[in-house]
$ cat run-v4.cif   # mmCIF, C-alpha atoms and all ligand atoms
data_coords
loop_
_atom_site.group_PDB
_atom_site.id
_atom_site.type_symbol
_atom_site.label_atom_id
_atom_site.label_comp_id
_atom_site.auth_asym_id
_atom_site.auth_seq_id
_atom_site.Cartn_x
_atom_site.Cartn_y
_atom_site.Cartn_z
ATOM 1 C CA MET A 454 -15.494 3.216 -77.784
ATOM 2 C CA ARG A 455 -13.815 -0.158 -77.292
ATOM 3 C CA ARG A 456 -10.303 -0.218 -75.842
ATOM 4 C CA PRO A 457 -8.013 -2.379 -78.017
ATOM 5 C CA ILE A 458 -6.691 -5.536 -76.408
ATOM 6 C CA ILE A 459 -3.538 -7.287 -77.562
ATOM 7 C CA ALA A 460 -2.669 -10.633 -75.986
ATOM 8 C CA GLY A 461 0.452 -12.745 -76.378
ATOM 9 C CA ASN A 462 -0.129 -16.493 -76.322
ATOM 10 C CA TRP A 463 3.169 -18.123 -75.384
ATOM 11 C CA LYS A 464 1.753 -21.642 -75.769
ATOM 12 C CA MET A 465 4.039 -24.374 -74.316
ATOM 13 C CA ASN A 466 7.187 -22.225 -74.444
ATOM 14 C CA LEU A 467 9.484 -20.582 -71.895
ATOM 15 C CA LEU A 468 10.622 -21.728 -68.452
ATOM 16 C CA PRO A 469 9.681 -19.446 -65.524
ATOM 17 C CA GLY A 470 12.965 -17.499 -65.596
ATOM 18 C CA GLN A 471 12.632 -16.897 -69.338
ATOM 19 C CA ALA A 472 9.011 -15.840 -68.961
ATOM 20 C CA VAL A 473 9.909 -13.315 -66.247
ATOM 21 C CA ALA A 474 12.764 -11.940 -68.362
ATOM 22 C CA LEU A 475 10.419 -11.534 -71.334
ATOM 23 C CA VAL A 476 7.864 -9.615 -69.261
ATOM 24 C CA ASP A 477 10.624 -7.423 -67.861
ATOM 25 C CA ASP A 478 11.952 -6.622 -71.345
ATOM 26 C CA LEU A 479 8.469 -6.056 -72.695
ATOM 27 C CA TRP A 480 7.528 -3.674 -69.889
ATOM 28 C CA GLY A 481 10.681 -1.673 -70.553
ATOM 29 C CA MET A 482 9.392 -1.090 -74.078
ATOM 30 C CA ILE A 483 5.685 -0.496 -73.474
ATOM 31 C CA SER A 484 5.388 1.203 -70.083
ATOM 32 C CA GLY A 485 3.770 4.566 -70.526
ATOM 33 C CA GLN A 486 1.455 3.481 -73.312
ATOM 34 C CA GLY A 487 -2.063 3.289 -71.976
ATOM 35 C CA SER A 488 -4.245 3.088 -75.027
ATOM 36 C CA VAL A 489 -3.995 -0.675 -75.481
ATOM 37 C CA GLU A 490 -4.804 -3.348 -72.892
ATOM 38 C CA VAL A 491 -1.874 -5.769 -72.924
ATOM 39 C CA VAL A 492 -2.177 -9.373 -71.757
ATOM 40 C CA VAL A 493 0.383 -12.169 -71.576
ATOM 41 C CA CYS A 494 -0.629 -15.831 -71.577
ATOM 42 C CA PRO A 495 2.159 -17.990 -70.102
ATOM 43 C CA PRO A 496 1.977 -21.747 -69.532
ATOM 44 C CA PHE A 497 0.453 -22.705 -66.140
ATOM 45 C CA MET A 498 3.817 -23.455 -64.543
ATOM 46 C CA ASP A 499 5.093 -19.932 -65.288
ATOM 47 C CA ILE A 500 2.038 -18.159 -63.905
ATOM 48 C CA PRO A 501 3.216 -17.749 -60.264
ATOM 49 C CA ALA A 502 6.562 -16.217 -61.298
ATOM 50 C CA VAL A 503 5.022 -13.938 -63.938
ATOM 51 C CA SER A 504 2.258 -12.901 -61.546
ATOM 52 C CA GLU A 505 4.814 -11.927 -58.906
ATOM 53 C CA MET A 506 6.826 -9.980 -61.458
ATOM 54 C CA ILE A 507 3.792 -8.068 -62.713
ATOM 55 C CA GLY A 508 2.659 -7.327 -59.130
ATOM 56 C CA SER A 509 6.019 -6.285 -57.742
ATOM 57 C CA GLY A 510 6.848 -4.170 -60.804
ATOM 58 C CA LYS A 511 3.372 -2.593 -60.722
ATOM 59 C CA MET A 512 3.071 -3.390 -64.404
ATOM 60 C CA ASP A 513 -0.173 -2.652 -66.202
ATOM 61 C CA ILE A 514 -0.248 -6.054 -67.896
ATOM 62 C CA GLY A 515 -3.070 -8.594 -67.714
ATOM 63 C CA LEU A 516 -2.291 -12.229 -66.979
ATOM 64 C CA ALA A 517 -4.099 -15.004 -68.827
ATOM 65 C CA ALA A 518 -4.143 -18.756 -68.518
ATOM 66 C CA GLN A 519 -4.293 -20.722 -71.756
ATOM 67 C CA ASN A 520 -7.099 -23.005 -70.558
ATOM 68 C CA MET A 521 -9.083 -23.932 -67.444
ATOM 69 C CA HIS A 522 -11.673 -26.428 -66.203
ATOM 70 C CA TRP A 523 -15.190 -25.155 -65.563
ATOM 71 C CA GLU A 524 -15.493 -26.690 -62.086
ATOM 72 C CA GLU A 525 -13.897 -25.216 -58.948
ATOM 73 C CA SER A 526 -12.535 -28.542 -57.681
ATOM 74 C CA GLY A 527 -13.030 -32.288 -57.933
ATOM 75 C CA ALA A 528 -11.830 -35.479 -59.556
ATOM 76 C CA PHE A 529 -10.469 -33.970 -62.771
ATOM 77 C CA THR A 530 -6.889 -35.190 -62.976
ATOM 78 C CA GLY A 531 -4.542 -32.797 -64.702
ATOM 79 C CA GLU A 532 -6.966 -29.878 -64.744
ATOM 80 C CA VAL A 533 -6.755 -26.380 -63.247
ATOM 81 C CA SER A 534 -9.791 -24.570 -61.850
ATOM 82 C CA PRO A 535 -10.905 -20.942 -62.071
ATOM 83 C CA THR A 536 -10.458 -20.438 -58.319
ATOM 84 C CA MET A 537 -6.873 -21.702 -58.570
ATOM 85 C CA LEU A 538 -6.177 -19.214 -61.347
ATOM 86 C CA LEU A 539 -7.687 -16.360 -59.351
ATOM 87 C CA LYS A 540 -5.405 -17.198 -56.390
ATOM 88 C CA PHE A 541 -2.429 -16.445 -58.633
ATOM 89 C CA GLY A 542 -3.705 -13.140 -59.939
ATOM 90 C CA VAL A 543 -4.901 -14.439 -63.282
ATOM 91 C CA THR A 544 -7.300 -11.985 -64.936
ATOM 92 C CA HIS A 545 -8.050 -13.547 -68.347
ATOM 93 C CA VAL A 546 -8.291 -17.042 -69.778
ATOM 94 C CA ILE A 547 -8.028 -18.298 -73.353
ATOM 95 C CA ILE A 548 -10.850 -20.728 -74.032
ATOM 96 C CA GLY A 549 -11.265 -23.042 -76.998
ATOM 97 C CA HIS A 550 -7.990 -22.254 -78.757
ATOM 98 C CA SER A 551 -7.894 -24.253 -81.998
ATOM 99 C CA GLU A 552 -4.939 -26.278 -80.703
ATOM 100 C CA ARG A 553 -7.085 -27.413 -77.771
ATOM 101 C CA ARG A 554 -9.993 -28.210 -80.088
ATOM 102 C CA GLN A 555 -7.678 -30.042 -82.549
ATOM 103 C CA PHE A 556 -5.331 -31.952 -80.241
ATOM 104 C CA PHE A 557 -7.270 -32.276 -76.979
ATOM 105 C CA GLY A 558 -10.802 -32.923 -78.166
ATOM 106 C CA GLU A 559 -12.403 -29.706 -76.941
ATOM 107 C CA THR A 560 -15.972 -29.317 -78.117
ATOM 108 C CA ASP A 561 -18.238 -26.299 -78.488
ATOM 109 C CA GLN A 562 -20.194 -27.582 -75.464
ATOM 110 C CA GLY A 563 -17.028 -27.724 -73.344
ATOM 111 C CA VAL A 564 -16.053 -24.269 -74.546
ATOM 112 C CA ASN A 565 -19.482 -22.991 -73.507
ATOM 113 C CA ARG A 566 -19.177 -24.450 -69.988
ATOM 114 C CA LYS A 567 -15.752 -22.852 -69.621
ATOM 115 C CA VAL A 568 -16.900 -19.470 -70.928
ATOM 116 C CA ARG A 569 -19.846 -19.398 -68.508
ATOM 117 C CA SER A 570 -17.662 -20.510 -65.607
ATOM 118 C CA ALA A 571 -14.992 -17.909 -66.371
ATOM 119 C CA LEU A 572 -17.638 -15.167 -66.501
ATOM 120 C CA GLU A 573 -19.177 -16.356 -63.219
ATOM 121 C CA HIS A 574 -15.742 -16.252 -61.567
ATOM 122 C CA GLY A 575 -14.883 -12.771 -62.836
ATOM 123 C CA LEU A 576 -12.262 -13.958 -65.308
ATOM 124 C CA VAL A 577 -12.261 -12.452 -68.805
ATOM 125 C CA PRO A 578 -12.673 -15.255 -71.337
ATOM 126 C CA ILE A 579 -10.843 -14.909 -74.642
ATOM 127 C CA MET A 580 -12.999 -17.342 -76.607
ATOM 128 C CA CYS A 581 -11.371 -18.536 -79.831
ATOM 129 C CA VAL A 582 -13.262 -19.399 -83.004
ATOM 130 C CA GLY A 583 -12.001 -20.137 -86.492
ATOM 131 C CA GLU A 584 -12.409 -22.262 -89.589
ATOM 132 C CA THR A 585 -10.015 -24.771 -91.158
ATOM 133 C CA LEU A 586 -8.652 -24.325 -94.677
ATOM 134 C CA LYS A 587 -10.905 -27.142 -95.862
ATOM 135 C CA GLN A 588 -13.972 -25.435 -94.415
ATOM 136 C CA ARG A 589 -12.987 -22.102 -95.994
ATOM 137 C CA GLU A 590 -12.403 -23.680 -99.380
ATOM 138 C CA ALA A 591 -15.752 -25.463 -99.165
ATOM 139 C CA GLY A 592 -17.490 -22.114 -98.524
ATOM 140 C CA ASP A 593 -18.409 -23.128 -94.966
ATOM 141 C CA THR A 594 -16.705 -20.311 -93.067
ATOM 142 C CA GLU A 595 -19.914 -18.479 -92.222
ATOM 143 C CA ASN A 596 -21.715 -21.589 -90.916
ATOM 144 C CA VAL A 597 -18.735 -22.718 -88.876
ATOM 145 C CA ILE A 598 -18.189 -19.330 -87.260
ATOM 146 C CA VAL A 599 -21.857 -18.660 -86.529
ATOM 147 C CA ASN A 600 -22.178 -22.101 -84.970
ATOM 148 C CA GLN A 601 -19.049 -21.736 -82.818
ATOM 149 C CA VAL A 602 -20.110 -18.298 -81.574
ATOM 150 C CA LYS A 603 -23.706 -19.361 -80.861
ATOM 151 C CA CYS A 604 -22.656 -22.540 -79.042
ATOM 152 C CA GLY A 605 -19.849 -20.826 -77.140
ATOM 153 C CA LEU A 606 -22.167 -18.097 -75.834
ATOM 154 C CA PHE A 607 -25.224 -20.279 -75.213
ATOM 155 C CA GLU A 608 -27.014 -19.066 -72.049
ATOM 156 C CA ALA A 609 -24.076 -16.832 -71.100
ATOM 157 C CA ASP A 610 -24.977 -13.919 -68.833
ATOM 158 C CA SER A 611 -25.069 -10.995 -71.250
ATOM 159 C CA ALA A 612 -24.205 -8.329 -68.656
ATOM 160 C CA ARG A 613 -21.053 -10.254 -67.756
ATOM 161 C CA ALA A 614 -20.333 -11.110 -71.379
ATOM 162 C CA ASN A 615 -19.992 -7.379 -72.172
ATOM 163 C CA GLY A 616 -16.452 -7.569 -70.826
ATOM 164 C CA MET A 617 -15.389 -10.708 -72.636
ATOM 165 C CA VAL A 618 -13.223 -11.083 -75.705
ATOM 166 C CA ILE A 619 -13.649 -13.239 -78.800
ATOM 167 C CA ALA A 620 -10.639 -14.072 -80.966
ATOM 168 C CA TYR A 621 -11.249 -14.930 -84.602
ATOM 169 C CA GLU A 622 -8.350 -17.173 -85.574
ATOM 170 C CA PRO A 623 -8.579 -18.950 -88.935
ATOM 171 C CA LEU A 624 -6.647 -22.185 -88.443
ATOM 172 C CA TRP A 625 -4.833 -21.832 -91.755
ATOM 173 C CA ALA A 626 -3.309 -18.553 -90.563
ATOM 174 C CA ILE A 627 -2.018 -19.779 -87.197
ATOM 175 C CA GLY A 628 1.740 -20.225 -87.128
ATOM 176 C CA THR A 629 1.926 -20.348 -90.926
ATOM 177 C CA GLY A 630 3.158 -16.838 -91.703
ATOM 178 C CA LYS A 631 0.091 -16.518 -93.970
ATOM 179 C CA ALA A 632 -2.168 -14.036 -92.224
ATOM 180 C CA ALA A 633 -5.687 -13.383 -93.460
ATOM 181 C CA THR A 634 -6.095 -10.113 -95.293
ATOM 182 C CA ALA A 635 -7.420 -7.341 -93.090
ATOM 183 C CA LEU A 636 -10.586 -7.179 -95.228
ATOM 184 C CA ASP A 637 -11.238 -10.930 -94.953
ATOM 185 C CA ALA A 638 -10.683 -10.766 -91.194
ATOM 186 C CA GLU A 639 -13.024 -7.757 -90.921
ATOM 187 C CA GLU A 640 -15.727 -9.577 -92.880
ATOM 188 C CA VAL A 641 -15.706 -12.550 -90.491
ATOM 189 C CA ILE A 642 -15.316 -10.400 -87.390
ATOM 190 C CA SER A 643 -18.318 -8.273 -88.317
ATOM 191 C CA LEU A 644 -20.223 -11.552 -88.731
ATOM 192 C CA VAL A 645 -19.076 -12.551 -85.236
ATOM 193 C CA ARG A 646 -20.430 -9.249 -83.902
ATOM 194 C CA ARG A 647 -23.795 -9.734 -85.617
ATOM 195 C CA THR A 648 -23.968 -13.257 -84.218
ATOM 196 C CA VAL A 649 -23.281 -11.980 -80.692
ATOM 197 C CA SER A 650 -26.151 -9.543 -81.179
ATOM 198 C CA GLU A 651 -28.501 -12.358 -82.229
ATOM 199 C CA THR A 652 -27.335 -14.727 -79.474
ATOM 200 C CA LEU A 653 -27.147 -12.234 -76.579
ATOM 201 C CA ASN A 654 -28.121 -8.660 -77.441
ATOM 202 C CA ALA A 655 -27.121 -5.555 -79.392
ATOM 203 C CA GLU A 656 -25.517 -3.811 -76.415
ATOM 204 C CA THR A 657 -23.217 -6.749 -75.697
ATOM 205 C CA ALA A 658 -22.351 -7.016 -79.384
ATOM 206 C CA ASP A 659 -21.367 -3.381 -79.371
ATOM 207 C CA ARG A 660 -19.218 -3.670 -76.231
ATOM 208 C CA ILE A 661 -17.561 -7.038 -76.667
ATOM 209 C CA ARG A 662 -14.028 -6.867 -78.063
ATOM 210 C CA ILE A 663 -13.127 -9.066 -81.005
ATOM 211 C CA GLN A 664 -9.529 -9.832 -81.881
ATOM 212 C CA TYR A 665 -7.944 -11.180 -85.008
ATOM 213 C CA GLY A 666 -5.280 -13.886 -84.570
ATOM 214 C CA GLY A 667 -3.089 -15.703 -87.058
ATOM 215 C CA SER A 668 0.454 -14.686 -88.058
ATOM 216 C CA VAL A 669 0.103 -11.146 -86.713
ATOM 217 C CA ASN A 670 3.418 -9.297 -86.799
ATOM 218 C CA PRO A 671 4.761 -5.745 -86.472
ATOM 219 C CA ASP A 672 4.268 -5.156 -90.224
ATOM 220 C CA ASN A 673 0.638 -6.183 -90.567
ATOM 221 C CA ILE A 674 -0.864 -5.125 -87.206
ATOM 222 C CA SER A 675 -1.835 -1.574 -88.190
ATOM 223 C CA GLU A 676 -3.835 -2.776 -91.169
ATOM 224 C CA PHE A 677 -5.859 -5.106 -88.965
ATOM 225 C CA MET A 678 -6.331 -2.409 -86.346
ATOM 226 C CA SER A 679 -7.604 0.075 -88.926
ATOM 227 C CA GLN A 680 -10.697 -2.088 -89.492
ATOM 228 C CA GLN A 681 -13.893 -0.975 -87.813
ATOM 229 C CA ASP A 682 -14.741 -4.213 -86.007
ATOM 230 C CA ILE A 683 -11.246 -5.444 -85.125
ATOM 231 C CA ASP A 684 -10.426 -4.514 -81.545
ATOM 232 C CA GLY A 685 -7.069 -6.165 -81.089
ATOM 233 C CA ALA A 686 -4.990 -9.241 -81.736
ATOM 234 C CA LEU A 687 -4.159 -12.596 -80.253
ATOM 235 C CA VAL A 688 -0.508 -13.104 -81.100
ATOM 236 C CA GLY A 689 1.428 -16.355 -80.957
ATOM 237 C CA GLY A 690 4.955 -16.548 -82.354
ATOM 238 C CA ALA A 691 5.640 -12.812 -82.448
ATOM 239 C CA SER A 692 4.747 -12.465 -78.755
ATOM 240 C CA LEU A 693 7.791 -14.519 -77.776
ATOM 241 C CA LYS A 694 10.103 -11.682 -78.828
ATOM 242 C CA ALA A 695 9.796 -8.618 -76.617
ATOM 243 C CA GLU A 696 10.745 -6.239 -79.408
ATOM 244 C CA ASP A 697 8.217 -7.602 -81.892
ATOM 245 C CA PHE A 698 5.439 -7.806 -79.340
ATOM 246 C CA ALA A 699 6.174 -4.258 -78.161
ATOM 247 C CA LYS A 700 5.996 -3.016 -81.767
ATOM 248 C CA ILE A 701 2.638 -4.763 -82.157
ATOM 249 C CA VAL A 702 1.357 -3.129 -78.956
ATOM 250 C CA ARG A 703 2.566 0.259 -80.201
ATOM 251 C CA PHE A 704 0.978 -0.297 -83.611
ATOM 252 C CA SER A 705 -0.204 3.264 -84.205
HETATM 253 C C1 LIG B 1 -2.173 -18.319 -81.880
HETATM 254 O O1 LIG B 1 -1.677 -19.388 -81.601
HETATM 255 O O2 LIG B 1 -3.162 -17.946 -81.247
HETATM 256 C C2 LIG B 1 -1.597 -17.540 -82.971
HETATM 257 C C3 LIG B 1 -2.321 -16.599 -83.474
HETATM 258 O O3 LIG B 1 -0.327 -17.891 -83.393
HETATM 259 P P1 LIG B 1 0.575 -17.109 -84.481
HETATM 260 O O4 LIG B 1 0.505 -15.634 -84.151
HETATM 261 O O5 LIG B 1 1.938 -17.662 -84.281
HETATM 262 O O6 LIG B 1 -0.012 -17.395 -85.814
#
$ encode --input "run-v4.cif" --output "structure tokens" --more "lines below"
Ligand code: PEP
Amino acid sequence: MRRPIIAGNWKMNLLPGQAVALVDDLWGMISGQGSVEVVVCPPFMDIPAVSEMIGSGKMDIGLAAQNMHWEESGAFTGEVSPTMLLKFGVTHVIIGHSERRQFFGETDQGVNRKVRSALEHGLVPIMCVGETLKQREAGDTENVIVNQVKCGLFEADSARANGMVIAYEPLWAIGTGKAATALDAEEVISLVRRTVSETLNAETADRIRIQYGGSVNPDNISEFMSQQDIDGALVGGASLKAEDFAKIVRFS
């Protein structure tokens, strides 16, 4: 039985005080629920304040970075390392979000190095995969997804990978208000699971959690969550409003 995981990706939004206020409001609405693992993903600069808030309020909320470098230290101007994240209580890290692939030149090889490094450092990677509208319309979704999953997990330690998360986020659904249908998402997510089985092994494929992301909101979450292979959601816009995010967390 896989525990659902719902993560809120705040992207480049919120100053530290706003981030802390959002976590405080959110916790007021979700404390007591234990069935879903909840994770917030603030920008780097907000992480110390949010980490302190979560720790001092004894909140059962995971803390994710939105990116990291694979090395622990060195001449990598502008980058943040896994050991730095761990120092601030970070537990999860989004890797290969489509905005990083699109705007910052991230490649499948870079994603793979980051995934392996996160696993080695005891961080839970949330590895994002997804096709563009053009690729979907050309009938390339399956190839694109299989390739991204295979490359992203190449030579990953399967025992460690059991605990990781993959987010299927079709690019055409991100921030557009046009979510995939639950059945379309399930079809691709079950393909992701089969690909994990082929790349690593059947046990890992069974244990790994796979989220859907792309215009998830309080009205459509339960339909996604009713699918057999969908274990949660990566939520962008709706995670910036405590009430909406809390409704998504309390989907059932
Ligand atoms: C995202 O950026 O990961 C995302 C899914 O955004 P939104 O929910 O706003 O579509």
$ closest_atom_pairs --input "run-v4.cif" --of "chain A" --to "ligand LIG 1 (chain B)" --cutoff "7 Å" --atoms "all atoms listed in the file" --output "Markdown table"
| residue | atom | partner | partner_atom | distance |
| --- | --- | --- | --- | --- |
| A:Asn462 | CA | B:LIG1 | O2 | 6.0 |
| A:His550 | CA | B:LIG1 | O2 | 6.9 |
| A:Glu622 | CA | B:LIG1 | C3 | 6.4 |
| A:Ala626 | CA | B:LIG1 | O6 | 5.9 |
| A:Ile627 | CA | B:LIG1 | O6 | 3.4 |
| A:Gly628 | CA | B:LIG1 | O6 | 3.6 |
| A:Thr629 | CA | B:LIG1 | O6 | 6.2 |
| A:Gly630 | CA | B:LIG1 | O6 | 6.7 |
| A:Gly666 | CA | B:LIG1 | C3 | 4.2 |
| A:Gly667 | CA | B:LIG1 | O6 | 3.7 |
| A:Ser668 | CA | B:LIG1 | O6 | 3.5 |
| A:Val669 | CA | B:LIG1 | O4 | 5.2 |
| A:Leu687 | CA | B:LIG1 | C3 | 5.5 |
| A:Val688 | CA | B:LIG1 | O4 | 4.1 |
| A:Gly689 | CA | B:LIG1 | O3 | 3.4 |
| A:Gly690 | CA | B:LIG1 | O5 | 3.7 |
| A:Ala691 | CA | B:LIG1 | O4 | 6.1 |
$ residues_around --input "run-v4.cif" --residues "Ser611 (chain A)" --least-positions-apart "4" --cutoff "7 Å" --atoms "all atoms listed in the file" --output "ChimeraX atom specification"
/A:615,653,657
$ residues_around --input "run-v4.cif" --residues "Thr652 (chain A)" --least-positions-apart "2" --cutoff "9 Å" --atoms "only C-alpha atoms" --output "list in words"
Val602, Lys603, Leu606, Phe607, Glu608, Arg647, Thr648, Val649, Ser650 and Asn654 of chain A
$ atom_distance --input "run-v4.cif" --atom1 "CA of Tyr621 (chain A)" --atom2 "CA of Gly487 (chain A)"
24.0 Å
$ closest_residue --input "run-v4.cif" --among "A:Pro457, A:Leu516, A:Ala655, A:Gly616" --to "Met678 (chain A)" --atoms "all atoms listed in the file"
A:Pro457
$ residues_around --input "run-v4.cif" --residues "Ile458 (chain A)" --least-positions-apart "2" --cutoff "6 Å" --atoms "all atoms listed in the file" --output "list in words"
Val489, Glu490, Val491 and Gly685 of chain A
$ atom_distance --input "run-v4.cif" --atom1 "CA of Gly592 (chain A)" --atom2 "CA of Gln555 (chain A)"
20.4 Å
$ closest_residue --input "run-v4.cif" --among "A:Pro535, A:Asn596, A:Trp523, A:Phe529" --to "Asn565 (chain A)" --atoms "all atoms listed in the file"
A:Trp523
$ resolve_selection --input "run-v4.cif" --expression "the PyMOL selection byres (((chain A and resi 479) around 8) and not hetatm)" --output "PDB file with C-alpha atoms, in the frame of the given file"
ATOM      1  CA  LEU A 475      10.419 -11.534 -71.334  1.00  0.00           C
ATOM      2  CA  VAL A 476       7.864  -9.615 -69.261  1.00  0.00           C
ATOM      3  CA  ASP A 477      10.624  -7.423 -67.861  1.00  0.00           C
ATOM      4  CA  ASP A 478      11.952  -6.622 -71.345  1.00  0.00           C
ATOM      5  CA  TRP A 480       7.528  -3.674 -69.889  1.00  0.00           C
ATOM      6  CA  GLY A 481      10.681  -1.673 -70.553  1.00  0.00           C
ATOM      7  CA  MET A 482       9.392  -1.090 -74.078  1.00  0.00           C
ATOM      8  CA  ILE A 483       5.685  -0.496 -73.474  1.00  0.00           C
ATOM      9  CA  ALA A 695       9.796  -8.618 -76.617  1.00  0.00           C
ATOM     10  CA  GLU A 696      10.745  -6.239 -79.408  1.00  0.00           C
ATOM     11  CA  PHE A 698       5.439  -7.806 -79.340  1.00  0.00           C
ATOM     12  CA  ALA A 699       6.174  -4.258 -78.161  1.00  0.00           C
TER      13      ALA A 699
END
$ decode --input "run-v4.cif" --residues "region 542-563 of chain A" --atoms "N, CA and C atoms" --output "PDB file, in the first residue's frame"
ATOM      1  N   GLY A 542      17.326  21.120   7.014  1.00  0.00           N
ATOM      2  CA  GLY A 542      16.167  20.266   7.269  1.00  0.00           C
ATOM      3  C   GLY A 542      15.365  19.901   6.038  1.00  0.00           C
ATOM      4  N   VAL A 543      15.964  20.093   4.869  1.00  0.00           N
ATOM      5  CA  VAL A 543      15.247  19.709   3.645  1.00  0.00           C
ATOM      6  C   VAL A 543      15.178  18.183   3.560  1.00  0.00           C
ATOM      7  N   THR A 544      14.012  17.676   3.158  1.00  0.00           N
ATOM      8  CA  THR A 544      13.792  16.229   3.112  1.00  0.00           C
ATOM      9  C   THR A 544      13.622  15.705   1.674  1.00  0.00           C
ATOM     10  N   HIS A 545      13.103  16.579   0.795  1.00  0.00           N
ATOM     11  CA  HIS A 545      12.778  16.182  -0.577  1.00  0.00           C
ATOM     12  C   HIS A 545      13.408  17.195  -1.538  1.00  0.00           C
ATOM     13  N   VAL A 546      13.515  16.807  -2.796  1.00  0.00           N
ATOM     14  CA  VAL A 546      13.992  17.783  -3.784  1.00  0.00           C
ATOM     15  C   VAL A 546      13.362  17.491  -5.153  1.00  0.00           C
ATOM     16  N   ILE A 547      12.769  18.538  -5.729  1.00  0.00           N
ATOM     17  CA  ILE A 547      12.227  18.397  -7.090  1.00  0.00           C
ATOM     18  C   ILE A 547      13.417  18.368  -8.051  1.00  0.00           C
ATOM     19  N   ILE A 548      13.393  17.424  -8.959  1.00  0.00           N
ATOM     20  CA  ILE A 548      14.493  17.329  -9.930  1.00  0.00           C
ATOM     21  C   ILE A 548      13.912  17.237 -11.346  1.00  0.00           C
ATOM     22  N   GLY A 549      14.459  18.080 -12.220  1.00  0.00           N
ATOM     23  CA  GLY A 549      14.065  18.011 -13.628  1.00  0.00           C
ATOM     24  C   GLY A 549      12.681  18.554 -13.904  1.00  0.00           C
ATOM     25  N   HIS A 550      12.225  19.532 -13.099  1.00  0.00           N
ATOM     26  CA  HIS A 550      10.935  20.155 -13.422  1.00  0.00           C
ATOM     27  C   HIS A 550      11.002  20.696 -14.855  1.00  0.00           C
ATOM     28  N   SER A 551       9.880  20.667 -15.550  1.00  0.00           N
ATOM     29  CA  SER A 551       9.907  21.066 -16.975  1.00  0.00           C
ATOM     30  C   SER A 551      10.373  22.505 -17.152  1.00  0.00           C
ATOM     31  N   GLU A 552      10.133  23.355 -16.144  1.00  0.00           N
ATOM     32  CA  GLU A 552      10.616  24.742 -16.276  1.00  0.00           C
ATOM     33  C   GLU A 552      12.143  24.788 -16.225  1.00  0.00           C
ATOM     34  N   ARG A 553      12.750  23.884 -15.494  1.00  0.00           N
ATOM     35  CA  ARG A 553      14.220  23.824 -15.461  1.00  0.00           C
ATOM     36  C   ARG A 553      14.757  23.234 -16.767  1.00  0.00           C
ATOM     37  N   ARG A 554      14.031  22.249 -17.297  1.00  0.00           N
ATOM     38  CA  ARG A 554      14.469  21.653 -18.573  1.00  0.00           C
ATOM     39  C   ARG A 554      14.319  22.685 -19.698  1.00  0.00           C
ATOM     40  N   GLN A 555      13.174  23.430 -19.669  1.00  0.00           N
ATOM     41  CA  GLN A 555      12.850  24.381 -20.743  1.00  0.00           C
ATOM     42  C   GLN A 555      13.712  25.642 -20.705  1.00  0.00           C
ATOM     43  N   PHE A 556      13.829  26.240 -19.520  1.00  0.00           N
ATOM     44  CA  PHE A 556      14.445  27.573 -19.421  1.00  0.00           C
ATOM     45  C   PHE A 556      15.895  27.541 -18.953  1.00  0.00           C
ATOM     46  N   PHE A 557      16.345  26.425 -18.377  1.00  0.00           N
ATOM     47  CA  PHE A 557      17.696  26.408 -17.814  1.00  0.00           C
ATOM     48  C   PHE A 557      18.545  25.266 -18.371  1.00  0.00           C
ATOM     49  N   GLY A 558      18.077  24.704 -19.473  1.00  0.00           N
ATOM     50  CA  GLY A 558      18.896  23.729 -20.199  1.00  0.00           C
ATOM     51  C   GLY A 558      19.164  22.420 -19.491  1.00  0.00           C
ATOM     52  N   GLU A 559      18.295  22.015 -18.571  1.00  0.00           N
ATOM     53  CA  GLU A 559      18.548  20.732 -17.895  1.00  0.00           C
ATOM     54  C   GLU A 559      18.336  19.569 -18.854  1.00  0.00           C
ATOM     55  N   THR A 560      19.240  18.625 -18.782  1.00  0.00           N
ATOM     56  CA  THR A 560      19.161  17.454 -19.670  1.00  0.00           C
ATOM     57  C   THR A 560      18.819  16.205 -18.851  1.00  0.00           C
ATOM     58  N   ASP A 561      18.443  15.154 -19.558  1.00  0.00           N
ATOM     59  CA  ASP A 561      18.169  13.881 -18.877  1.00  0.00           C
ATOM     60  C   ASP A 561      19.411  13.392 -18.126  1.00  0.00           C
ATOM     61  N   GLN A 562      20.595  13.659 -18.684  1.00  0.00           N
ATOM     62  CA  GLN A 562      21.834  13.210 -18.021  1.00  0.00           C
ATOM     63  C   GLN A 562      22.037  13.978 -16.709  1.00  0.00           C
ATOM     64  N   GLY A 563      21.777  15.285 -16.751  1.00  0.00           N
ATOM     65  CA  GLY A 563      21.889  16.095 -15.529  1.00  0.00           C
ATOM     66  C   GLY A 563      20.865  15.656 -14.494  1.00  0.00           C
TER      67      GLY A 563
END
